[in-house]
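J.: I'm passing along my_file02.txt; it holds compact mmCIF, C-alpha atoms.
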# COMPACT_ATOMS: atom_id res chain seq x y z
CA MET C 305 109.03 123.13 109.31
CA ALA C 306 110.90 124.56 106.32
CA TRP C 307 113.92 122.33 106.94
CA ASP C 308 115.10 119.16 108.67
CA VAL C 309 115.75 119.75 112.39
CA TYR C 310 118.55 118.05 114.34
CA ASP C 311 119.68 118.05 117.96
CA SER C 312 123.20 118.87 119.13
CA ALA C 313 124.29 115.26 118.59
CA ASP C 314 123.19 115.46 114.94
CA ASN C 315 120.19 113.18 115.50
CA LEU C 316 117.23 113.94 113.24
CA LEU C 317 114.32 115.26 115.29
CA LEU C 318 111.86 116.39 112.62
CA ARG C 319 111.72 116.10 108.88
CA LYS C 320 111.15 119.04 106.61
CA GLY C 321 107.40 119.49 106.20
CA PHE C 322 106.48 118.38 109.74
CA VAL C 323 103.61 120.45 111.11
CA ILE C 324 104.08 121.90 114.61
CA GLN C 325 100.71 121.50 116.29
CA ASN C 326 101.09 123.19 119.70
CA GLU C 327 103.37 125.19 121.98
CA LEU C 328 104.41 122.09 123.93
CA GLN C 329 106.13 120.74 120.83
CA ILE C 330 107.98 124.04 120.37
CA GLU C 331 109.11 124.04 124.00
CA ALA C 332 110.32 120.44 123.70
CA LEU C 333 112.35 121.30 120.61
CA VAL C 334 113.91 124.35 122.26
CA ARG C 335 114.94 122.25 125.26
CA ARG C 336 116.67 119.72 123.01
CA GLY C 337 118.31 122.38 120.81
CA LEU C 338 117.47 123.41 117.28
CA TYR C 339 119.89 122.86 114.42
CA VAL C 340 119.47 122.83 110.67
CA ALA C 341 121.69 121.29 108.01
CA ALA C 342 124.73 123.44 107.19
CA ASP C 343 123.91 123.69 103.50
CA PHE C 344 120.50 125.18 104.32
CA SER C 345 122.00 128.10 106.27
CA LEU C 346 124.24 128.92 103.33
CA ARG C 347 121.36 129.37 100.90
CA SER C 348 120.71 132.82 99.54
CA ASN C 349 117.48 134.44 100.65
CA HIS C 350 116.80 135.09 96.99
CA THR C 351 117.10 131.45 95.92
CA PRO C 352 113.72 130.42 94.51
CA MET C 353 112.12 127.51 96.33
CA VAL C 354 111.16 124.66 93.99
CA GLU C 355 108.32 122.41 95.11
CA ALA C 356 109.78 119.10 96.20
CA PRO C 357 108.40 115.96 94.52
CA SER C 358 105.87 114.06 96.60
CA ALA C 359 105.43 110.31 96.28
CA LEU C 360 102.00 110.58 97.89
CA ARG C 361 100.86 113.27 95.47
CA LEU C 362 102.08 111.27 92.47
CA ILE C 363 100.22 108.16 93.65
CA ASN C 364 97.00 110.09 94.27
CA ASP C 365 97.25 111.69 90.83
CA ALA C 366 97.83 108.27 89.24
CA ASN C 367 94.81 106.97 91.15
CA ARG C 368 92.52 109.70 89.82
CA ARG C 369 93.76 109.35 86.24
CA LEU C 370 93.45 105.56 86.30
CA ALA C 371 89.88 105.76 87.62
CA ARG C 372 88.86 108.02 84.73
CA LEU C 373 90.46 105.68 82.19
CA LEU C 374 89.20 102.35 83.50
CA TYR C 375 85.63 103.46 84.17
CA ASN C 376 85.49 104.96 80.68
CA VAL C 377 87.44 102.19 78.96
CA HIS C 378 84.66 101.52 76.41
CA ASN C 379 85.22 104.99 74.97
CA GLU C 380 89.01 105.15 75.24
CA THR C 381 91.48 105.08 72.38
CA ASP C 382 95.27 104.74 72.50
CA LEU C 383 94.99 103.27 76.00
CA GLU C 384 98.55 101.92 75.83
CA THR C 385 100.04 105.41 75.86
CA LYS C 386 97.74 106.66 78.63
CA ILE C 387 98.46 103.67 80.87
CA ALA C 388 102.20 104.07 80.19
CA ASP C 389 101.94 107.61 81.59
CA ILE C 390 100.27 106.30 84.76
CA VAL C 391 102.91 103.58 85.13
CA ALA C 392 105.57 106.28 84.83
CA MET C 393 103.91 108.23 87.65
CA ILE C 394 103.88 105.17 89.93
CA THR C 395 107.52 104.44 89.11
CA ARG C 396 108.45 108.06 89.81
CA ALA C 397 106.67 107.87 93.18
CA VAL C 398 108.69 104.79 94.18
CA ASP C 399 111.88 106.53 93.00
CA VAL C 400 111.06 109.60 95.12
CA ASN C 401 110.51 107.53 98.26
CA GLU C 402 109.71 103.83 98.17
CA ASN C 403 108.82 103.85 101.88
CA VAL C 404 106.13 106.48 101.32
CA ALA C 405 104.85 104.59 98.27
CA LEU C 406 104.56 101.37 100.26
CA ALA C 407 103.02 103.13 103.26
CA THR C 408 100.20 104.53 101.12
CA ILE C 409 98.78 101.00 100.88
CA LEU C 410 98.09 101.05 104.62
CA LEU C 411 97.71 104.75 105.37
CA ASN C 412 95.98 106.18 102.29
CA ARG C 413 92.89 103.98 102.15
CA SER C 414 90.46 106.90 101.94
CA ALA C 415 91.87 108.03 98.61
CA GLY C 416 89.73 107.27 95.58
CA ILE C 417 87.83 104.11 94.69
CA TYR C 418 88.94 100.81 96.22
CA SER C 419 88.84 98.81 92.99
CA VAL C 420 91.21 101.30 91.33
CA ARG C 421 93.35 101.93 94.40
CA HIS C 422 93.90 98.16 94.75
CA CYS C 423 95.44 98.08 91.28
CA ILE C 424 97.76 100.99 92.12
CA ASP C 425 98.74 99.27 95.38
CA SER C 426 99.45 96.02 93.53
CA ALA C 427 101.60 97.83 90.97
CA ILE C 428 103.69 99.40 93.77
CA VAL C 429 104.26 95.98 95.34
CA CYS C 430 105.09 94.50 91.91
CA LEU C 431 107.71 97.17 91.29
CA LEU C 432 109.38 96.63 94.66
CA ILE C 433 109.50 92.85 94.07
CA ILE C 434 110.86 93.40 90.55
CA ARG C 435 113.67 95.58 91.91
CA GLU C 436 114.84 92.60 93.97
CA MET C 437 115.17 90.61 90.73
CA ALA C 438 116.84 90.90 87.34
CA ILE C 439 113.96 91.64 84.98
CA PRO C 440 114.38 93.53 81.66
CA LYS C 441 113.12 97.13 81.60
CA GLN C 442 110.49 96.52 78.91
CA GLU C 443 109.08 93.55 80.80
CA VAL C 444 108.83 95.73 83.92
CA ALA C 445 106.63 98.15 81.96
CA ASN C 446 104.44 95.26 80.78
CA ILE C 447 104.02 93.89 84.32
CA LEU C 448 103.05 97.27 85.77
CA ALA C 449 100.65 98.02 82.90
CA ALA C 450 98.96 94.66 83.50
CA ALA C 451 98.83 95.23 87.27
CA VAL C 452 96.92 98.51 86.94
CA THR C 453 94.48 97.05 84.39
CA MET C 454 94.08 93.47 85.65
CA ASN C 455 90.58 93.99 87.07
CA VAL C 456 89.08 96.19 84.38
CA GLY C 457 86.74 93.31 83.57
CA MET C 458 84.94 93.55 86.93
CA LEU C 459 85.62 97.04 88.34
CA ARG C 460 82.05 97.97 89.24
CA HIS C 461 81.27 94.54 90.59
CA GLN C 462 84.46 94.56 92.67
CA GLU C 463 83.39 97.85 94.22
CA GLN C 464 80.02 96.35 95.15
CA LEU C 465 81.65 93.28 96.70
CA GLN C 466 83.95 95.52 98.76
CA SER C 467 81.01 97.01 100.66
CA ARG C 468 78.76 93.93 100.78
CA ALA C 469 78.71 91.95 104.01
CA SER C 470 77.14 88.80 102.55
CA HIS C 471 78.92 85.81 101.03
CA LEU C 472 79.53 85.42 97.29
CA THR C 473 76.61 84.27 95.18
CA GLU C 474 76.93 81.94 92.19
CA GLU C 475 76.56 84.97 89.93
CA ASP C 476 79.42 86.68 91.79
CA ARG C 477 81.65 83.67 91.29
CA THR C 478 80.88 83.57 87.57
CA ILE C 479 81.76 87.25 87.15
CA ILE C 480 85.00 86.77 89.09
CA ARG C 481 86.05 83.72 87.08
CA ASN C 482 85.29 85.45 83.78
CA HIS C 483 86.88 88.83 84.49
CA PRO C 484 90.35 87.98 83.07
CA GLN C 485 88.89 87.21 79.62
CA ILE C 486 86.50 90.18 79.76
CA GLY C 487 89.36 92.44 80.81
CA MET C 488 91.58 91.31 77.97
CA ARG C 489 88.75 91.90 75.47
CA LEU C 490 88.08 95.41 76.81
CA LEU C 491 91.78 96.29 76.65
CA LYS C 492 91.99 95.11 73.04
CA GLN C 493 88.96 97.20 72.14
CA ALA C 494 90.68 100.23 73.69
CA GLY C 495 93.72 99.79 71.47
CA VAL C 496 96.06 97.61 73.52
CA LYS C 497 98.10 95.45 71.15
CA ASN C 498 100.89 94.42 73.52
CA GLU C 499 100.50 90.65 73.73
CA THR C 500 102.68 90.28 76.84
CA TRP C 501 100.57 92.81 78.76
CA LEU C 502 97.36 91.11 77.61
CA ARG C 503 98.68 87.68 78.57
CA HIS C 504 99.51 88.88 82.10
CA VAL C 505 95.94 90.19 82.50
CA LEU C 506 94.46 86.96 81.18
CA MET C 507 96.55 84.70 83.43
CA HIS C 508 96.93 86.65 86.69
CA HIS C 509 94.68 84.20 88.59
CA GLU C 510 96.46 81.07 87.40
CA CYS C 511 98.24 79.09 90.14
CA GLU C 512 101.44 77.07 90.34
CA ASP C 513 99.54 73.87 91.17
CA GLY C 514 97.12 74.20 88.25
CA ASN C 515 94.10 75.08 90.40
CA GLY C 516 93.78 78.66 89.18
CA TYR C 517 91.54 80.14 86.49
CA PRO C 518 90.47 80.64 83.74
CA PHE C 519 92.47 77.75 82.23
CA GLY C 520 93.95 75.84 85.17
CA ILE C 521 97.45 75.80 83.69
CA LEU C 522 100.55 74.71 85.65
CA GLY C 523 103.29 77.01 86.91
CA ALA C 524 105.81 76.05 84.23
CA ASP C 525 103.51 77.66 81.66
CA ILE C 526 102.87 80.85 83.65
CA PRO C 527 105.21 83.80 82.93
CA VAL C 528 107.26 85.08 85.87
CA GLY C 529 105.73 88.54 85.46
CA THR C 530 102.25 87.07 85.83
CA LYS C 531 103.32 85.27 89.00
CA ILE C 532 104.58 88.54 90.49
CA ILE C 533 101.25 90.25 89.73
CA SER C 534 99.36 87.35 91.32
CA ILE C 535 101.34 87.57 94.57
CA ALA C 536 100.99 91.36 94.75
CA ASP C 537 97.26 91.10 94.04
CA ARG C 538 96.71 88.56 96.83
CA TYR C 539 98.86 90.37 99.38
CA CYS C 540 97.20 93.76 98.81
CA ALA C 541 93.73 92.18 98.96
CA LYS C 542 94.48 90.48 102.29
CA ILE C 543 95.70 93.67 104.02
CA SER C 544 92.63 95.62 102.86
CA PRO C 545 89.46 95.53 104.99
CA ARG C 546 86.17 94.29 103.62
CA ALA C 547 82.64 94.79 104.90
CA TYR C 548 82.56 91.10 105.84
CA ARG C 549 86.06 90.81 107.37
CA LYS C 550 88.87 92.79 108.93
CA ALA C 551 92.14 93.38 107.14
CA LEU C 552 94.98 91.02 107.99
CA PHE C 553 98.12 92.47 109.52
CA PRO C 554 100.92 92.65 106.92
CA ASN C 555 102.94 89.88 108.56
CA ALA C 556 99.88 87.59 108.68
CA ALA C 557 99.06 88.35 105.02
CA LEU C 558 102.64 87.59 103.99
CA ARG C 559 102.62 84.33 105.98
CA LYS C 560 99.33 83.30 104.38
CA VAL C 561 100.56 83.99 100.84
CA LEU C 562 104.07 82.56 101.19
CA LEU C 563 103.41 79.66 103.58
CA GLU C 564 99.75 78.67 103.85
CA GLU C 565 99.20 79.07 100.10
CA LYS C 566 102.72 78.05 99.08
CA GLN C 567 101.52 75.29 96.76
CA THR C 568 99.87 77.96 94.58
CA ILE C 569 102.91 80.22 94.13
CA ASP C 570 106.40 79.87 92.70
CA GLN C 571 108.63 79.38 95.74
CA SER C 572 111.60 80.99 93.97
CA LEU C 573 109.75 84.31 94.41
CA ALA C 574 109.45 84.02 98.20
CA THR C 575 112.85 85.60 98.92
CA PRO C 576 112.46 88.68 96.69
CA VAL C 577 108.93 89.18 98.03
CA MET C 578 110.19 89.02 101.62
CA ARG C 579 113.04 91.43 100.90
CA ALA C 580 110.73 93.85 99.09
CA LEU C 581 108.05 94.01 101.78
CA GLY C 582 109.59 92.93 105.06
CA ILE C 583 107.59 91.56 107.96
CA TYR C 584 106.64 95.08 109.05
CA PRO C 585 106.35 97.28 105.95
CA PRO C 586 106.19 101.10 106.17
CA GLY C 587 102.79 102.24 107.41
CA THR C 588 102.42 99.38 109.92
CA PHE C 589 101.27 100.32 113.43
CA VAL C 590 103.41 98.61 116.08
CA LYS C 591 103.93 98.50 119.84
CA LEU C 592 107.52 98.32 121.04
CA ILE C 593 109.05 96.43 123.96
CA ASN C 594 109.42 99.70 125.88
CA GLY C 595 105.65 100.28 125.65
CA GLU C 596 105.69 102.98 122.97
CA THR C 597 103.33 102.84 119.98
CA GLY C 598 104.37 104.10 116.58
CA ILE C 599 104.41 103.64 112.82
CA VAL C 600 107.04 101.88 110.73
CA THR C 601 108.61 104.53 108.48
CA ARG C 602 111.31 102.61 106.62
CA LYS C 603 113.16 99.34 106.34
CA GLY C 604 115.88 98.59 108.84
CA GLN C 605 118.89 96.29 109.00
CA SER C 606 116.74 93.22 108.32
CA THR C 607 113.19 92.35 107.26
CA THR C 608 112.20 92.04 110.93
CA THR C 609 113.87 95.18 112.34
CA PRO C 610 112.33 98.27 110.72
CA ILE C 611 112.81 101.89 111.70
CA VAL C 612 109.81 103.14 113.69
CA HIS C 613 108.70 106.61 114.70
CA SER C 614 107.07 106.42 118.12
CA LEU C 615 104.04 108.66 118.60
CA ILE C 616 102.53 107.43 121.89
CA GLY C 617 104.51 106.90 125.07
CA PRO C 618 104.45 103.87 127.40
CA ARG C 619 101.63 105.42 129.46
CA ASN C 620 99.47 106.00 126.37
CA ALA C 621 100.15 109.74 126.31
CA ALA C 622 100.90 111.35 122.95
CA LEU C 623 104.56 112.31 122.54
CA ALA C 624 105.37 115.96 121.77
CA PHE C 625 106.80 114.89 118.42
CA PRO C 626 107.72 111.61 116.70
CA ILE C 627 110.85 109.90 118.07
CA GLN C 628 112.81 107.62 115.75
CA ARG C 629 113.48 104.13 117.10
CA ASP C 630 115.73 101.44 115.64
CA THR C 631 113.95 98.16 116.36
CA SER C 632 117.18 96.16 115.99
CA LEU C 633 117.99 97.45 119.51
CA PRO C 634 116.50 95.20 122.26
CA LEU C 635 114.78 98.07 124.10
CA TYR C 636 112.92 99.13 120.96
CA ALA C 637 112.19 95.74 119.42
CA VAL C 638 108.71 95.22 117.97
CA ARG C 639 106.53 93.52 120.56
CA ASP C 640 103.28 93.37 118.62
CA LEU C 641 101.28 94.84 115.78
CA VAL C 642 98.41 97.20 116.51
CA CYS C 643 95.18 97.89 114.64
CA GLU C 644 95.00 101.44 113.30
CA SER C 645 91.71 101.98 115.15
CA LYS C 646 93.19 100.84 118.47
CA ALA C 647 96.40 102.82 118.02
CA ALA C 648 94.41 106.09 118.25
CA ILE C 649 97.13 107.91 116.30
CA ASN C 650 96.07 111.00 114.38
CA ILE C 651 98.97 112.11 112.23
CA SER C 652 99.46 112.90 108.57
CA MET C 653 101.97 111.08 106.37
CA GLN C 654 103.71 114.40 105.80
CA GLN C 655 104.50 114.67 109.50
CA LEU C 656 106.42 111.40 109.30
CA TRP C 657 108.05 111.61 105.88
CA GLY C 658 108.16 115.33 105.16
CA GLU C 659 107.50 116.89 101.77
CA GLU C 660 107.90 113.57 99.97
CA ALA C 661 104.55 112.66 101.57
CA SER C 662 102.80 116.01 101.13
CA LEU C 663 99.41 116.34 99.49
Represent the structure contained in this file as structure tokens.
T.:
Amino acid sequence: MAWDVYDSADNLLLRKGFVIQNELQIEALVRRGLYVAADFSLRSNHTPMVEAPSALRLINDANRRLARLLYNVHNETDLETKIADIVAMITRAVDVNENVALATILLNRSAGIYSVRHCIDSAIVCLLIIREMAIPKQEVANILAAAVTMNVGMLRHQEQLQSRASHLTEEDRTIIRNHPQIGMRLLKQAGVKNETWLRHVLMHHECEDGNGYPFGILGADIPVGTKIISIADRYCAKISPRAYRKALFPNAALRKVLLEEKQTIDQSLATPVMRALGIYPPGTFVKLINGETGIVTRKGQSTTTPIVHSLIGPRNAALAFPIQRDTSLPLYAVRDLVCESKAAINISMQQLWGEEASL
């Protein structure tokens, strides 16, 4: 579709960029009526079309660039500038469409290397939490730079652990506990002089109760930016599958971080984290009270009532095209979360979010 499509009641049917897959979808659209926005019909045929920015494309590009930098960090110079460029790309992606950026964590798992993608995911979550708080612009840059480089001290080992089904060995535990110091040393060797950035990397596994590592310091001595990175790191790790365990649903991961592990985090951050992510973040597969199955596409009126696009009807038949549902309405309330594999939904992000999720 070259434009957004509405019905006669001005309800959005399809976003620009949606791919029509069969004649049944066309027939269904014709029956409901086809309308485009008034400003589109007034455009001159000779107006050049400029490629719309895509949050998904920006994140994938940042992922590729970060992988090249981190896996070649021993030979890098002026790393501060190069990482700043990647942080700018991530920030731009969130500005283009924060729902798409957040959904990539759940729906874009095949992109790139896990150990690098996890850092990008964590940076996205950090930025959304930060935007619920009053944090100076320069400190935001430091937090995001630390988030994308926090695991440089164990990248290759992290990738091995991701695909290994066995439990951690003593050697694994030693590498994990030492990676903050190793990471800080590697970053210094690559030209990073920003002490705040380095401190965040060094301390991102410290805990509020003093049971973290490498130093076991208490929460009062841990910078707020470091605490944000720690929460984002844990949350993103819990919703990612491992060879030895399934991924947690987003609501279960959030409950585990904010409630079951509450003694290890600063409780003043719980509210901005909840507002930033919601119980059902974009990209979550859900089943509604009316029996439909769909994907959360954006935040709703509250953290528990997102906007969903239904893709499968109550009788498990694929719908002709996605239908937007407001889960604050009783008929469309979220009944349960669904595993991606069980949902049996085959749809691209672009079909849900349009060109802002194009590849």
J.: Could you tell me which of C:Glu384, C:Ala547, C:Ala469, C:Asn555 comes closest to C:Gly582 if we count all atoms listed in the file?
T.: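 Closest candidate: C:Asn555.
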J.: Which residue out of C:Met458, C:Gly617, C:Val404, C:Asn367 has the minimum interatomic distance to C:Val600 when all atoms listed in the file are used?
T.: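 Of C:Met458, C:Gly617, C:Val404, C:Asn367, the one nearest C:Val600 is C:Val404, counting all atoms listed in the file.
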J.: Pick from C:Leu410, C:Ala405, C:Val377, C:Ile583: nearest to C:Asn364, with all atoms listed in the file counted?
T.: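 Closest to C:Asn364, using all atoms listed in the file: C:Ala405.
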J.: With all atoms listed in the file as the atoms that count, which of C:Glu327, C:Glu463, C:Glu510, C:Glu644 lies nearest to C:Leu522?
T.: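 Of all the options, C:Glu510 lies closest to C:Leu522.
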J.: Find the residues around stretch 428-437 of chain C up to 6 Å (only C-alpha atoms counted), leave out those fewer than 3 positions away in its own chain, and share them as a list in words.
T.: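 Residues near the query, excluding close chain neighbours: Asp425, Ala536, Pro576, Val577 and Ala580 of chain C.
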J.: Could you check the closest approach to C:Thr385 for each of C:Gly495, C:Asp399, C:Lys531, C:Ile330 and tell me which residue wins, using all atoms listed in the file?
T.: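 The closest residue to C:Thr385 is C:Gly495.
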J.: Compile the contact shell of stretch 563-571 of chain C as a list in words: residues with an atom at most 10 Å away, counting only C-alpha atoms, same-chain residues fewer than 2 positions apart removed.
T.: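 My reading of the contact set: Glu510, Cys511, Glu512, Asp513, Gly514, Asn515, Gly516, Leu522, Gly523, Ala524, Ile526, Val528, Lys531, Ile532, Ser534, Ile535, Ala557, Leu558, Arg559, Lys560, Val561, Leu573, Ala574 and Thr575 of chain C.
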J.: Looking at C:Val505, C:Leu663, C:Arg629, C:Val642, which one is nearest to C:Ala415, with distances taken over all atoms listed in the file?
T.: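 Nearest to C:Ala415: C:Leu663.
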J.: Compile the contact shell of C:Asn594 as a ChimeraX atom specification: residues with an atom at most 7 Å away, counting all atoms listed in the file, same-chain residues fewer than 6 positions apart removed.
T.: /C:618,635-636
J.: So which residues touch stretch 315-323 of chain C within 8 Å, counting only C-alpha atoms, skipping near sequence neighbours fewer than 3 positions away, as an MDAnalysis selection string?
T.: chainID C and resid 305:312 625:628 654:659 662
J.: Write out as a list in words which residues come within 12 Å of C:Ser414 when counting all atoms listed in the file, dropping same-chain ones fewer than 3 positions away.
T.: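 Listed by chain and then number, they are Asn364, Asn367, Thr408, Ile409, Leu410, Leu411, Ile417, Tyr418, Arg421, His422, Ser544 and Pro545 of chain C.
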J.: Can you tell me how far atom CA of C:His471 sits from atom CA of C:Lys542, in Å to one decimal?
T.: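 Separating atom CA of C:His471 from atom CA of C:Lys542 is a distance of 16.3 Å.
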J.: Mind pulling up the distance from atom CA of C:Pro357 to atom CA of C:Ala451?
T.: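 These two atoms are separated by 24.0 Å.
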J.: State, in Å with one decimal place, the distance from atom CA of C:Val496 to atom CA of C:Ala388.
T.: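 Atom CA of C:Ala388 lies 11.1 Å from atom CA of C:Val496.
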J.: Take the structure in the block and write a file for stretch 460-477 of chain C, N, CA and C atoms, as a PDB file, in the first residue's frame.
T.:
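Final output, out19.pdb:
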ATOM      1  N   ARG C 460      32.428 -12.965  23.029  1.00  0.00           N
ATOM      2  CA  ARG C 460      32.499 -14.297  22.417  1.00  0.00           C
ATOM      3  C   ARG C 460      32.018 -15.379  23.385  1.00  0.00           C
ATOM      4  N   HIS C 461      32.356 -15.223  24.639  1.00  0.00           N
ATOM      5  CA  HIS C 461      31.921 -16.209  25.624  1.00  0.00           C
ATOM      6  C   HIS C 461      30.405 -16.140  25.815  1.00  0.00           C
ATOM      7  N   GLN C 462      29.846 -14.939  25.778  1.00  0.00           N
ATOM      8  CA  GLN C 462      28.397 -14.784  25.909  1.00  0.00           C
ATOM      9  C   GLN C 462      27.671 -15.480  24.761  1.00  0.00           C
ATOM     10  N   GLU C 463      28.241 -15.401  23.571  1.00  0.00           N
ATOM     11  CA  GLU C 463      27.641 -16.046  22.412  1.00  0.00           C
ATOM     12  C   GLU C 463      27.656 -17.574  22.566  1.00  0.00           C
ATOM     13  N   GLN C 464      28.736 -18.086  23.134  1.00  0.00           N
ATOM     14  CA  GLN C 464      28.827 -19.527  23.375  1.00  0.00           C
ATOM     15  C   GLN C 464      27.803 -19.978  24.418  1.00  0.00           C
ATOM     16  N   LEU C 465      27.668 -19.190  25.480  1.00  0.00           N
ATOM     17  CA  LEU C 465      26.708 -19.529  26.537  1.00  0.00           C
ATOM     18  C   LEU C 465      25.281 -19.510  26.017  1.00  0.00           C
ATOM     19  N   GLN C 466      24.998 -18.616  25.060  1.00  0.00           N
ATOM     20  CA  GLN C 466      23.656 -18.493  24.509  1.00  0.00           C
ATOM     21  C   GLN C 466      23.176 -19.796  23.867  1.00  0.00           C
ATOM     22  N   SER C 467      24.100 -20.525  23.250  1.00  0.00           N
ATOM     23  CA  SER C 467      23.719 -21.736  22.522  1.00  0.00           C
ATOM     24  C   SER C 467      24.047 -23.024  23.278  1.00  0.00           C
ATOM     25  N   ARG C 468      24.604 -22.893  24.486  1.00  0.00           N
ATOM     26  CA  ARG C 468      24.975 -24.079  25.249  1.00  0.00           C
ATOM     27  C   ARG C 468      23.848 -24.491  26.191  1.00  0.00           C
ATOM     28  N   ALA C 469      23.514 -25.760  26.188  1.00  0.00           N
ATOM     29  CA  ALA C 469      22.399 -26.243  26.999  1.00  0.00           C
ATOM     30  C   ALA C 469      22.817 -26.610  28.425  1.00  0.00           C
ATOM     31  N   SER C 470      24.109 -26.724  28.670  1.00  0.00           N
ATOM     32  CA  SER C 470      24.573 -27.158  29.990  1.00  0.00           C
ATOM     33  C   SER C 470      24.653 -25.981  30.961  1.00  0.00           C
ATOM     34  N   HIS C 471      24.798 -26.316  32.240  1.00  0.00           N
ATOM     35  CA  HIS C 471      24.903 -25.296  33.285  1.00  0.00           C
ATOM     36  C   HIS C 471      26.280 -24.623  33.247  1.00  0.00           C
ATOM     37  N   LEU C 472      26.379 -23.487  33.939  1.00  0.00           N
ATOM     38  CA  LEU C 472      27.643 -22.748  33.986  1.00  0.00           C
ATOM     39  C   LEU C 472      28.715 -23.551  34.717  1.00  0.00           C
ATOM     40  N   THR C 473      29.920 -23.502  34.183  1.00  0.00           N
ATOM     41  CA  THR C 473      31.068 -24.096  34.857  1.00  0.00           C
ATOM     42  C   THR C 473      31.716 -23.032  35.738  1.00  0.00           C
ATOM     43  N   GLU C 474      32.685 -23.449  36.545  1.00  0.00           N
ATOM     44  CA  GLU C 474      33.404 -22.493  37.380  1.00  0.00           C
ATOM     45  C   GLU C 474      34.174 -21.493  36.522  1.00  0.00           C
ATOM     46  N   GLU C 475      34.698 -21.970  35.404  1.00  0.00           N
ATOM     47  CA  GLU C 475      35.397 -21.067  34.479  1.00  0.00           C
ATOM     48  C   GLU C 475      34.435 -20.031  33.897  1.00  0.00           C
ATOM     49  N   ASP C 476      33.215 -20.470  33.566  1.00  0.00           N
ATOM     50  CA  ASP C 476      32.197 -19.542  33.062  1.00  0.00           C
ATOM     51  C   ASP C 476      31.926 -18.446  34.085  1.00  0.00           C
ATOM     52  N   ARG C 477      31.749 -18.857  35.317  1.00  0.00           N
ATOM     53  CA  ARG C 477      31.427 -17.894  36.381  1.00  0.00           C
ATOM     54  C   ARG C 477      32.556 -16.886  36.571  1.00  0.00           C
TER      55      ARG C 477
END
